[in-house]
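Report on the structure given below.
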Amino acid sequence: GPRGGGVEGPRYVHRGEGLFPAPMPQDAEGVALIESRFKFLGNFLGKALLDGRLVSLPLAEPVYKVLCGYPVGVGDLDQVDKEKAKHLFGLLEAADKGWPDISAYCLTFEYAPSSSSHGYEAHELIPGGSEVAVTNNNAQEYVERMACFMLRDGVQRQFEALLAGFEEVVPSSHLACFFPSELRLLLGGDAGVTWTREELQEHIQPRNGYDASSKSFNDLLDVLCELTRKEKHDFLAFATGVRVLPAGGLKSLDPKLTVVRKHTDQNPDDHFPSANTCFHFLKLPEYSTKDQLATKLRGALQHGFGGFFFN
């Protein structure tokens, strides 16, 4: 939000379900600017797909459905906003049972955005919706219209711009070849990062001072197997710039993850590992013990993550 002195600071959105366009009245002021941004996003995603690059952009599953030409409906609402879906389906359940009378909740046929940053306070789901109370008799219609606005009518121009941007790079007919889950894997990688020591040994290359028999290289493989799931994601971000693996896992990394010896003028135990993410190079000092390697690697992941302090 805005910072002191009238300077506009960055806005960050964290959603467990992934990112999905915020619904807006399609004639609202500012939608044209939002369209231009979604078109750029489409260009960006299309270029990433064309070049085989992973993007650290956690999109909600229904976004991939739209890109692949699949319909999105009420059943997808919990993949966009779990709390909203839980609330709406709870209303339906209460209405079906006949109690409590949901009119006591004082709801009307309006959608209220979660933030004032969207530029409007409420949108009527039907003409005069601000004056129409939600009751047990019309709860089904209320839920359907709410889902329709959140998943279709309120995001139509945003998705049209996203698809237009994508189309400028990759013909939309090519996307019809994919299931949504496949497109997600190609663009966002495999979020379930797992590996075995055998896989690490096969697909990580020791170079420039290390070989497959080097003690420090083998200590590194052992430590990588001992990392927690979060630490594995952090390691990938540190060494490759992306927190996930491409489809196919380690063997599909391009370029291959390479470990090289980091030469130091002083005691190697006093230095942290560093990385060159463009070439997937991990520069590893020749530590005296495995424990020292583990400590320094975890320190680099904790303090060097998110910046260029160790690369």
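Ordering of the structure tokens sets the chain letters (A, B, ...), residue numbers begin anew at 1 in every chain, and ligands are numbered from 1 in the order given.
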
For A:Thr258, find every residue with an atom within 8 Å (counting only C-alpha atoms), except residues of its own chain fewer than 3 positions away, and show them as a PDB file with all heavy atoms, in the first residue's frame.
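Written file, result-v7.pdb:
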ATOM      1  N   ILE A 204      23.961 -34.260 -11.038  1.00  0.00           N
ATOM      2  CA  ILE A 204      24.756 -33.092 -10.659  1.00  0.00           C
ATOM      3  C   ILE A 204      26.192 -33.337 -11.089  1.00  0.00           C
ATOM      4  O   ILE A 204      26.774 -34.380 -10.787  1.00  0.00           O
ATOM      5  CB  ILE A 204      24.690 -32.832  -9.141  1.00  0.00           C
ATOM      6  CG1 ILE A 204      23.251 -32.507  -8.723  1.00  0.00           C
ATOM      7  CG2 ILE A 204      25.599 -31.671  -8.757  1.00  0.00           C
ATOM      8  CD1 ILE A 204      23.093 -32.215  -7.242  1.00  0.00           C
ATOM      9  N   GLN A 205      26.760 -32.369 -11.795  1.00  0.00           N
ATOM     10  CA  GLN A 205      28.088 -32.548 -12.382  1.00  0.00           C
ATOM     11  C   GLN A 205      29.161 -31.875 -11.526  1.00  0.00           C
ATOM     12  O   GLN A 205      29.082 -30.668 -11.279  1.00  0.00           O
ATOM     13  CB  GLN A 205      28.123 -31.962 -13.793  1.00  0.00           C
ATOM     14  CG  GLN A 205      27.121 -32.588 -14.744  1.00  0.00           C
ATOM     15  CD  GLN A 205      27.099 -31.905 -16.091  1.00  0.00           C
ATOM     16  OE1 GLN A 205      27.483 -30.744 -16.216  1.00  0.00           O
ATOM     17  NE2 GLN A 205      26.666 -32.625 -17.115  1.00  0.00           N
ATOM     18  N   PRO A 206      30.186 -32.626 -11.072  1.00  0.00           N
ATOM     19  CA  PRO A 206      31.331 -32.006 -10.400  1.00  0.00           C
ATOM     20  C   PRO A 206      32.353 -31.539 -11.450  1.00  0.00           C
ATOM     21  O   PRO A 206      32.674 -32.270 -12.375  1.00  0.00           O
ATOM     22  CB  PRO A 206      31.879 -33.146  -9.543  1.00  0.00           C
ATOM     23  CG  PRO A 206      31.504 -34.397 -10.290  1.00  0.00           C
ATOM     24  CD  PRO A 206      30.243 -34.107 -11.045  1.00  0.00           C
ATOM     25  N   ARG A 207      32.829 -30.317 -11.289  1.00  0.00           N
ATOM     26  CA  ARG A 207      33.769 -29.757 -12.264  1.00  0.00           C
ATOM     27  C   ARG A 207      34.781 -28.858 -11.556  1.00  0.00           C
ATOM     28  O   ARG A 207      34.599 -28.473 -10.408  1.00  0.00           O
ATOM     29  CB  ARG A 207      33.023 -28.922 -13.327  1.00  0.00           C
ATOM     30  CG  ARG A 207      32.066 -29.709 -14.221  1.00  0.00           C
ATOM     31  CD  ARG A 207      32.803 -30.385 -15.356  1.00  0.00           C
ATOM     32  NE  ARG A 207      31.904 -31.188 -16.168  1.00  0.00           N
ATOM     33  CZ  ARG A 207      31.166 -30.715 -17.165  1.00  0.00           C
ATOM     34  NH1 ARG A 207      31.206 -29.426 -17.449  1.00  0.00           N
ATOM     35  NH2 ARG A 207      30.393 -31.522 -17.870  1.00  0.00           N
ATOM     36  N   HIS A 280      23.574 -22.253 -13.477  1.00  0.00           N
ATOM     37  CA  HIS A 280      23.328 -23.315 -12.502  1.00  0.00           C
ATOM     38  C   HIS A 280      24.633 -23.825 -11.901  1.00  0.00           C
ATOM     39  O   HIS A 280      24.842 -25.025 -11.777  1.00  0.00           O
ATOM     40  CB  HIS A 280      22.522 -24.470 -13.128  1.00  0.00           C
ATOM     41  CG  HIS A 280      21.167 -24.063 -13.602  1.00  0.00           C
ATOM     42  ND1 HIS A 280      20.339 -24.907 -14.319  1.00  0.00           N
ATOM     43  CD2 HIS A 280      20.473 -22.899 -13.473  1.00  0.00           C
ATOM     44  CE1 HIS A 280      19.203 -24.283 -14.614  1.00  0.00           C
ATOM     45  NE2 HIS A 280      19.269 -23.060 -14.108  1.00  0.00           N
ATOM     46  N   PHE A 281      25.508 -22.895 -11.540  1.00  0.00           N
ATOM     47  CA  PHE A 281      26.785 -23.219 -10.913  1.00  0.00           C
ATOM     48  C   PHE A 281      26.689 -23.007  -9.412  1.00  0.00           C
ATOM     49  O   PHE A 281      26.306 -21.926  -8.961  1.00  0.00           O
ATOM     50  CB  PHE A 281      27.903 -22.313 -11.465  1.00  0.00           C
ATOM     51  CG  PHE A 281      28.660 -22.898 -12.627  1.00  0.00           C
ATOM     52  CD1 PHE A 281      27.999 -23.613 -13.610  1.00  0.00           C
ATOM     53  CD2 PHE A 281      30.028 -22.729 -12.744  1.00  0.00           C
ATOM     54  CE1 PHE A 281      28.690 -24.137 -14.693  1.00  0.00           C
ATOM     55  CE2 PHE A 281      30.726 -23.253 -13.812  1.00  0.00           C
ATOM     56  CZ  PHE A 281      30.052 -23.960 -14.802  1.00  0.00           C
ATOM     57  N   LEU A 282      27.045 -24.034  -8.640  1.00  0.00           N
ATOM     58  CA  LEU A 282      27.204 -23.890  -7.201  1.00  0.00           C
ATOM     59  C   LEU A 282      28.695 -23.905  -6.902  1.00  0.00           C
ATOM     60  O   LEU A 282      29.388 -24.881  -7.218  1.00  0.00           O
ATOM     61  CB  LEU A 282      26.510 -25.034  -6.460  1.00  0.00           C
ATOM     62  CG  LEU A 282      26.659 -25.016  -4.932  1.00  0.00           C
ATOM     63  CD1 LEU A 282      25.912 -23.821  -4.334  1.00  0.00           C
ATOM     64  CD2 LEU A 282      26.150 -26.315  -4.307  1.00  0.00           C
TER      65      LEU A 282
END

Please extract the residues of stretch 93-303 of chain A with a backbone DSSP assignment of helix (DSSP H, G or I) and present them as a tab-separated table (two decimals) with N, CA and C atoms, in the first residue's frame.
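Generated output (states03.tsv):
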chain	number	residue	atom	x	y	z
A	93	GLU	N	-26.23	-25.04	2.30
A	93	GLU	CA	-26.56	-26.11	3.24
A	93	GLU	C	-27.56	-25.64	4.27
A	94	ALA	N	-27.38	-24.42	4.78
A	94	ALA	CA	-28.31	-23.88	5.76
A	94	ALA	C	-29.68	-23.66	5.15
A	95	ALA	N	-29.70	-23.18	3.89
A	95	ALA	CA	-30.98	-22.95	3.22
A	95	ALA	C	-31.71	-24.26	2.97
A	96	ASP	N	-30.96	-25.31	2.60
A	96	ASP	CA	-31.59	-26.60	2.34
A	96	ASP	C	-32.21	-27.18	3.61
A	97	LYS	N	-31.57	-26.95	4.74
A	97	LYS	CA	-32.08	-27.48	6.00
A	97	LYS	C	-33.21	-26.63	6.57
A	102	ILE	N	-31.36	-17.68	6.63
A	102	ILE	CA	-30.14	-16.96	6.27
A	102	ILE	C	-30.38	-15.48	6.02
A	103	SER	N	-31.65	-15.06	5.98
A	103	SER	CA	-31.91	-13.62	5.87
A	103	SER	C	-31.38	-12.88	7.10
A	104	ALA	N	-31.17	-13.63	8.19
A	104	ALA	CA	-30.63	-13.01	9.40
A	104	ALA	C	-29.20	-12.53	9.20
A	105	TYR	N	-28.51	-13.02	8.16
A	105	TYR	CA	-27.15	-12.57	7.88
A	105	TYR	C	-27.12	-11.21	7.19
A	116	SER	N	-9.86	-2.30	-0.83
A	116	SER	CA	-10.26	-1.03	-1.43
A	116	SER	C	-9.38	-0.67	-2.62
A	117	SER	N	-8.25	-1.39	-2.79
A	117	SER	CA	-7.34	-1.08	-3.89
A	117	SER	C	-7.95	-1.40	-5.25
A	118	HIS	N	-9.05	-2.17	-5.27
A	118	HIS	CA	-9.68	-2.52	-6.54
A	118	HIS	C	-10.50	-1.36	-7.11
A	129	GLY	N	-29.57	-5.12	-7.03
A	129	GLY	CA	-29.18	-6.16	-6.10
A	129	GLY	C	-28.90	-5.67	-4.69
A	130	SER	N	-28.54	-4.41	-4.54
A	130	SER	CA	-28.27	-3.88	-3.21
A	130	SER	C	-29.52	-3.83	-2.35
A	131	GLU	N	-30.69	-3.93	-2.99
A	131	GLU	CA	-31.96	-3.90	-2.26
A	131	GLU	C	-32.61	-5.27	-2.15
A	139	ALA	N	-31.25	-18.45	-2.20
A	139	ALA	CA	-29.83	-18.69	-1.90
A	139	ALA	C	-29.11	-19.35	-3.07
A	140	GLN	N	-29.77	-20.29	-3.76
A	140	GLN	CA	-29.15	-20.97	-4.88
A	140	GLN	C	-28.78	-19.98	-5.98
A	141	GLU	N	-29.70	-19.08	-6.30
A	141	GLU	CA	-29.44	-18.07	-7.32
A	141	GLU	C	-28.30	-17.15	-6.88
A	142	TYR	N	-28.28	-16.79	-5.61
A	142	TYR	CA	-27.22	-15.91	-5.09
A	142	TYR	C	-25.85	-16.55	-5.26
A	143	VAL	N	-25.72	-17.82	-4.91
A	143	VAL	CA	-24.44	-18.51	-5.02
A	143	VAL	C	-24.03	-18.63	-6.48
A	144	GLU	N	-24.95	-18.97	-7.35
A	144	GLU	CA	-24.62	-19.10	-8.77
A	144	GLU	C	-24.18	-17.78	-9.38
A	145	ARG	N	-24.87	-16.70	-9.04
A	145	ARG	CA	-24.50	-15.40	-9.58
A	145	ARG	C	-23.18	-14.90	-9.01
A	146	MET	N	-22.94	-15.20	-7.74
A	146	MET	CA	-21.68	-14.80	-7.13
A	146	MET	C	-20.52	-15.53	-7.81
A	147	ALA	N	-20.67	-16.85	-7.99
A	147	ALA	CA	-19.61	-17.62	-8.64
A	147	ALA	C	-19.42	-17.17	-10.08
A	148	CYS	N	-20.52	-16.86	-10.76
A	148	CYS	CA	-20.44	-16.41	-12.16
A	148	CYS	C	-19.66	-15.10	-12.26
A	149	PHE	N	-19.89	-14.18	-11.32
A	149	PHE	CA	-19.17	-12.91	-11.37
A	149	PHE	C	-17.69	-13.12	-11.04
A	150	MET	N	-17.39	-13.95	-10.06
A	150	MET	CA	-16.00	-14.16	-9.63
A	150	MET	C	-15.18	-14.93	-10.66
A	151	LEU	N	-15.83	-15.85	-11.38
A	151	LEU	CA	-15.09	-16.74	-12.26
A	151	LEU	C	-15.25	-16.43	-13.75
A	152	ARG	N	-16.26	-15.62	-14.10
A	152	ARG	CA	-16.49	-15.37	-15.53
A	152	ARG	C	-16.75	-13.90	-15.83
A	153	ASP	N	-17.92	-13.39	-15.41
A	153	ASP	CA	-18.32	-12.05	-15.83
A	153	ASP	C	-17.38	-10.96	-15.32
A	156	GLN	N	-13.75	-11.41	-17.37
A	156	GLN	CA	-13.77	-11.70	-18.80
A	156	GLN	C	-12.73	-10.91	-19.57
A	157	ARG	N	-12.67	-9.60	-19.36
A	157	ARG	CA	-11.73	-8.77	-20.11
A	157	ARG	C	-10.28	-9.08	-19.72
A	158	GLN	N	-10.07	-9.40	-18.45
A	158	GLN	CA	-8.72	-9.76	-18.01
A	158	GLN	C	-8.23	-11.02	-18.73
A	159	PHE	N	-9.10	-12.03	-18.79
A	159	PHE	CA	-8.70	-13.28	-19.44
A	159	PHE	C	-8.59	-13.12	-20.96
A	160	GLU	N	-9.45	-12.31	-21.55
A	160	GLU	CA	-9.33	-12.07	-22.98
A	160	GLU	C	-7.99	-11.42	-23.30
A	161	ALA	N	-7.55	-10.49	-22.46
A	161	ALA	CA	-6.25	-9.84	-22.66
A	161	ALA	C	-5.12	-10.83	-22.43
A	162	LEU	N	-5.24	-11.68	-21.41
A	162	LEU	CA	-4.21	-12.69	-21.15
A	162	LEU	C	-4.06	-13.63	-22.33
A	163	LEU	N	-5.18	-14.09	-22.87
A	163	LEU	CA	-5.14	-15.00	-24.01
A	163	LEU	C	-4.61	-14.31	-25.26
A	164	ALA	N	-4.96	-13.03	-25.44
A	164	ALA	CA	-4.47	-12.28	-26.60
A	164	ALA	C	-2.95	-12.14	-26.53
A	165	GLY	N	-2.43	-11.87	-25.34
A	165	GLY	CA	-0.99	-11.77	-25.18
A	165	GLY	C	-0.30	-13.09	-25.44
A	166	PHE	N	-0.88	-14.16	-24.94
A	166	PHE	CA	-0.33	-15.50	-25.16
A	166	PHE	C	-0.32	-15.83	-26.64
A	167	GLU	N	-1.43	-15.48	-27.30
A	167	GLU	CA	-1.60	-15.79	-28.72
A	167	GLU	C	-0.54	-15.11	-29.59
A	172	SER	N	-2.96	-20.25	-29.82
A	172	SER	CA	-3.82	-20.87	-28.82
A	172	SER	C	-4.17	-22.31	-29.19
A	173	SER	N	-4.12	-22.63	-30.47
A	173	SER	CA	-4.43	-24.00	-30.89
A	173	SER	C	-3.43	-24.99	-30.30
A	174	HIS	N	-2.20	-24.52	-30.03
A	174	HIS	CA	-1.19	-25.40	-29.46
A	174	HIS	C	-1.52	-25.75	-28.01
A	175	LEU	N	-2.20	-24.82	-27.32
A	175	LEU	CA	-2.53	-25.07	-25.92
A	175	LEU	C	-3.60	-26.14	-25.77
A	180	PRO	N	-4.77	-28.98	-18.30
A	180	PRO	CA	-4.34	-27.88	-17.43
A	180	PRO	C	-3.18	-28.28	-16.51
A	181	SER	N	-3.21	-29.48	-15.98
A	181	SER	CA	-2.13	-29.92	-15.08
A	181	SER	C	-0.80	-30.03	-15.82
A	182	GLU	N	-0.84	-30.38	-17.10
A	182	GLU	CA	0.39	-30.47	-17.89
A	182	GLU	C	0.97	-29.09	-18.17
A	183	LEU	N	0.09	-28.13	-18.49
A	183	LEU	CA	0.57	-26.77	-18.74
A	183	LEU	C	1.15	-26.17	-17.47
A	184	ARG	N	0.52	-26.45	-16.33
A	184	ARG	CA	1.05	-25.96	-15.05
A	184	ARG	C	2.45	-26.52	-14.80
A	185	LEU	N	2.63	-27.78	-15.12
A	185	LEU	CA	3.94	-28.41	-14.91
A	185	LEU	C	5.00	-27.81	-15.83
A	186	LEU	N	4.62	-27.51	-17.07
A	186	LEU	CA	5.57	-26.95	-18.03
A	186	LEU	C	5.98	-25.52	-17.67
A	187	LEU	N	5.02	-24.75	-17.14
A	187	LEU	CA	5.31	-23.35	-16.82
A	187	LEU	C	5.83	-23.16	-15.41
A	188	GLY	N	5.24	-23.88	-14.46
A	188	GLY	CA	5.58	-23.66	-13.06
A	188	GLY	C	6.44	-24.72	-12.44
A	197	ARG	N	19.78	-39.91	-3.39
A	197	ARG	CA	21.22	-39.70	-3.56
A	197	ARG	C	21.68	-40.18	-4.93
A	198	GLU	N	21.08	-41.26	-5.40
A	198	GLU	CA	21.45	-41.79	-6.71
A	198	GLU	C	21.11	-40.78	-7.81
A	199	GLU	N	19.95	-40.12	-7.69
A	199	GLU	CA	19.56	-39.12	-8.68
A	199	GLU	C	20.50	-37.92	-8.63
A	200	LEU	N	20.86	-37.50	-7.42
A	200	LEU	CA	21.79	-36.38	-7.29
A	200	LEU	C	23.14	-36.71	-7.93
A	201	GLN	N	23.61	-37.92	-7.65
A	201	GLN	CA	24.92	-38.33	-8.17
A	201	GLN	C	24.90	-38.42	-9.69
A	202	GLU	N	23.77	-38.80	-10.24
A	202	GLU	CA	23.67	-38.98	-11.69
A	202	GLU	C	23.52	-37.66	-12.43
A	203	HIS	N	22.83	-36.70	-11.80
A	203	HIS	CA	22.45	-35.50	-12.56
A	203	HIS	C	23.13	-34.22	-12.10
A	215	LYS	N	35.64	-35.73	-1.66
A	215	LYS	CA	34.94	-35.81	-0.38
A	215	LYS	C	33.90	-34.70	-0.23
A	216	SER	N	34.26	-33.47	-0.58
A	216	SER	CA	33.33	-32.36	-0.42
A	216	SER	C	32.11	-32.52	-1.32
A	217	PHE	N	32.32	-33.03	-2.53
A	217	PHE	CA	31.19	-33.26	-3.43
A	217	PHE	C	30.25	-34.31	-2.85
A	218	ASN	N	30.79	-35.39	-2.33
A	218	ASN	CA	29.95	-36.45	-1.76
A	218	ASN	C	29.30	-36.00	-0.45
A	219	ASP	N	30.00	-35.18	0.32
A	219	ASP	CA	29.37	-34.60	1.52
A	219	ASP	C	28.18	-33.74	1.13
A	220	LEU	N	28.32	-32.98	0.04
A	220	LEU	CA	27.21	-32.14	-0.44
A	220	LEU	C	26.00	-33.00	-0.79
A	221	LEU	N	26.21	-34.10	-1.50
A	221	LEU	CA	25.10	-34.97	-1.87
A	221	LEU	C	24.39	-35.49	-0.63
A	222	ASP	N	25.16	-35.86	0.39
A	222	ASP	CA	24.56	-36.34	1.64
A	222	ASP	C	23.73	-35.25	2.30
A	223	VAL	N	24.27	-34.04	2.34
A	223	VAL	CA	23.56	-32.93	2.98
A	223	VAL	C	22.28	-32.60	2.22
A	224	LEU	N	22.34	-32.62	0.89
A	224	LEU	CA	21.15	-32.32	0.09
A	224	LEU	C	20.03	-33.33	0.37
A	225	CYS	N	20.39	-34.57	0.65
A	225	CYS	CA	19.38	-35.58	0.97
A	225	CYS	C	18.77	-35.34	2.35
A	226	GLU	N	19.50	-34.65	3.21
A	226	GLU	CA	19.03	-34.41	4.58
A	226	GLU	C	18.22	-33.13	4.71
A	229	ARG	N	11.92	-30.20	3.19
A	229	ARG	CA	11.28	-29.83	1.92
A	229	ARG	C	11.47	-28.34	1.63
A	230	LYS	N	11.29	-27.48	2.64
A	230	LYS	CA	11.48	-26.04	2.42
A	230	LYS	C	12.92	-25.75	2.04
A	231	GLU	N	13.86	-26.41	2.72
A	231	GLU	CA	15.27	-26.18	2.41
A	231	GLU	C	15.61	-26.62	0.99
A	232	LYS	N	14.97	-27.67	0.51
A	232	LYS	CA	15.20	-28.10	-0.87
A	232	LYS	C	14.72	-27.03	-1.86
A	233	HIS	N	13.56	-26.46	-1.58
A	233	HIS	CA	13.07	-25.37	-2.43
A	233	HIS	C	14.03	-24.19	-2.37
A	234	ASP	N	14.50	-23.86	-1.17
A	234	ASP	CA	15.44	-22.75	-1.02
A	234	ASP	C	16.75	-23.02	-1.75
A	235	PHE	N	17.21	-24.27	-1.70
A	235	PHE	CA	18.45	-24.60	-2.39
A	235	PHE	C	18.30	-24.42	-3.90
A	236	LEU	N	17.18	-24.89	-4.45
A	236	LEU	CA	16.95	-24.73	-5.88
A	236	LEU	C	16.92	-23.26	-6.27
A	237	ALA	N	16.25	-22.43	-5.44
A	237	ALA	CA	16.20	-21.00	-5.73
A	237	ALA	C	17.59	-20.39	-5.66
A	238	PHE	N	18.39	-20.84	-4.70
A	238	PHE	CA	19.74	-20.32	-4.52
A	238	PHE	C	20.64	-20.69	-5.70
A	239	ALA	N	20.52	-21.93	-6.18
A	239	ALA	CA	21.44	-22.43	-7.21
A	239	ALA	C	20.94	-22.20	-8.64
A	240	THR	N	19.59	-22.15	-8.83
A	240	THR	CA	19.05	-22.06	-10.18
A	240	THR	C	18.19	-20.83	-10.41
A	249	GLY	N	12.16	-33.57	-13.41
A	249	GLY	CA	13.06	-33.50	-12.28
A	249	GLY	C	14.45	-33.02	-12.61
A	250	LEU	N	15.42	-33.45	-11.81
A	250	LEU	CA	16.80	-33.00	-11.95
A	250	LEU	C	17.37	-33.25	-13.35
A	251	LYS	N	17.00	-34.36	-13.94
A	251	LYS	CA	17.58	-34.71	-15.25
A	251	LYS	C	17.16	-33.72	-16.34
A	252	SER	N	16.09	-32.96	-16.08
A	252	SER	CA	15.60	-32.02	-17.10
A	252	SER	C	16.15	-30.62	-16.92
A	268	PRO	N	38.90	-22.28	4.16
A	268	PRO	CA	37.62	-22.48	3.48
A	268	PRO	C	36.42	-22.51	4.44
A	269	ASP	N	36.67	-22.96	5.68
A	269	ASP	CA	35.57	-23.04	6.65
A	269	ASP	C	35.03	-21.66	7.03
A	270	ASP	N	35.75	-20.61	6.67
A	270	ASP	CA	35.29	-19.25	6.99
A	270	ASP	C	34.44	-18.65	5.86
A	290	LYS	N	31.78	-32.58	6.89
A	290	LYS	CA	30.41	-32.55	6.37
A	290	LYS	C	29.54	-31.61	7.20
A	291	ASP	N	29.71	-31.62	8.53
A	291	ASP	CA	28.93	-30.74	9.40
A	291	ASP	C	29.19	-29.27	9.08
A	292	GLN	N	30.45	-28.96	8.80
A	292	GLN	CA	30.78	-27.58	8.45
A	292	GLN	C	30.12	-27.19	7.13
A	293	LEU	N	30.12	-28.10	6.18
A	293	LEU	CA	29.46	-27.85	4.89
A	293	LEU	C	27.97	-27.60	5.10
A	294	ALA	N	27.34	-28.45	5.92
A	294	ALA	CA	25.90	-28.32	6.17
A	294	ALA	C	25.58	-26.97	6.81
A	295	THR	N	26.41	-26.57	7.79
A	295	THR	CA	26.17	-25.31	8.49
A	295	THR	C	26.30	-24.13	7.54
A	296	LYS	N	27.34	-24.11	6.73
A	296	LYS	CA	27.57	-23.00	5.82
A	296	LYS	C	26.52	-22.96	4.70
A	297	LEU	N	26.12	-24.12	4.22
A	297	LEU	CA	25.09	-24.15	3.17
A	297	LEU	C	23.77	-23.62	3.70
A	298	ARG	N	23.37	-24.09	4.88
A	298	ARG	CA	22.11	-23.60	5.46
A	298	ARG	C	22.20	-22.11	5.77
A	299	GLY	N	23.37	-21.65	6.17
A	299	GLY	CA	23.53	-20.21	6.40
A	299	GLY	C	23.37	-19.41	5.12
A	300	ALA	N	23.92	-19.92	4.03
A	300	ALA	CA	23.78	-19.23	2.75
A	300	ALA	C	22.33	-19.21	2.30
A	301	LEU	N	21.62	-20.32	2.51
A	301	LEU	CA	20.22	-20.39	2.11
A	301	LEU	C	19.38	-19.42	2.93
A	302	GLN	N	19.72	-19.28	4.20
A	302	GLN	CA	18.93	-18.43	5.09
A	302	GLN	C	19.21	-16.95	4.87
A	303	HIS	N	20.48	-16.59	4.72
A	303	HIS	CA	20.84	-15.17	4.67
A	303	HIS	C	21.07	-14.66	3.26

- Task: Could you tell me which of A:Ser115, A:Leu77, A:Asp27, A:Cys68 comes closest to A:Ala176 if we count only C-alpha atoms?
- Result: A:Cys68

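Counting only C-alpha atoms, the residue from A:Leu67, A:Leu227, A:Cys278, A:Ile34 that sits nearest to A:Asp254 is A:Cys278.
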
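Nearest-residue note for A:Ala28: choosing from A:Pro255, A:Pro246, A:Gly209, A:Gly119, the minimum distance belongs to A:Gly119, counting only C-alpha atoms.
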
- Task: Would you return as a list of chain:residue names the members of stretch 97-306 of chain A that DSSP assigns to strand (DSSP E) on this structure's backbone?
- Result: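 Answer for stretch 97-306 of chain A restricted to strand (DSSP E) is A:Glu110, A:Tyr111, A:His123, A:Glu124, A:Ile204, A:Gln205, A:Pro206, A:Arg207, A:Leu257, A:Thr258, A:Val259, A:Val260, A:Arg261, A:Ser274, A:Ala275, A:Asn276, A:Phe281, A:Leu282, A:Lys283, A:Leu284.
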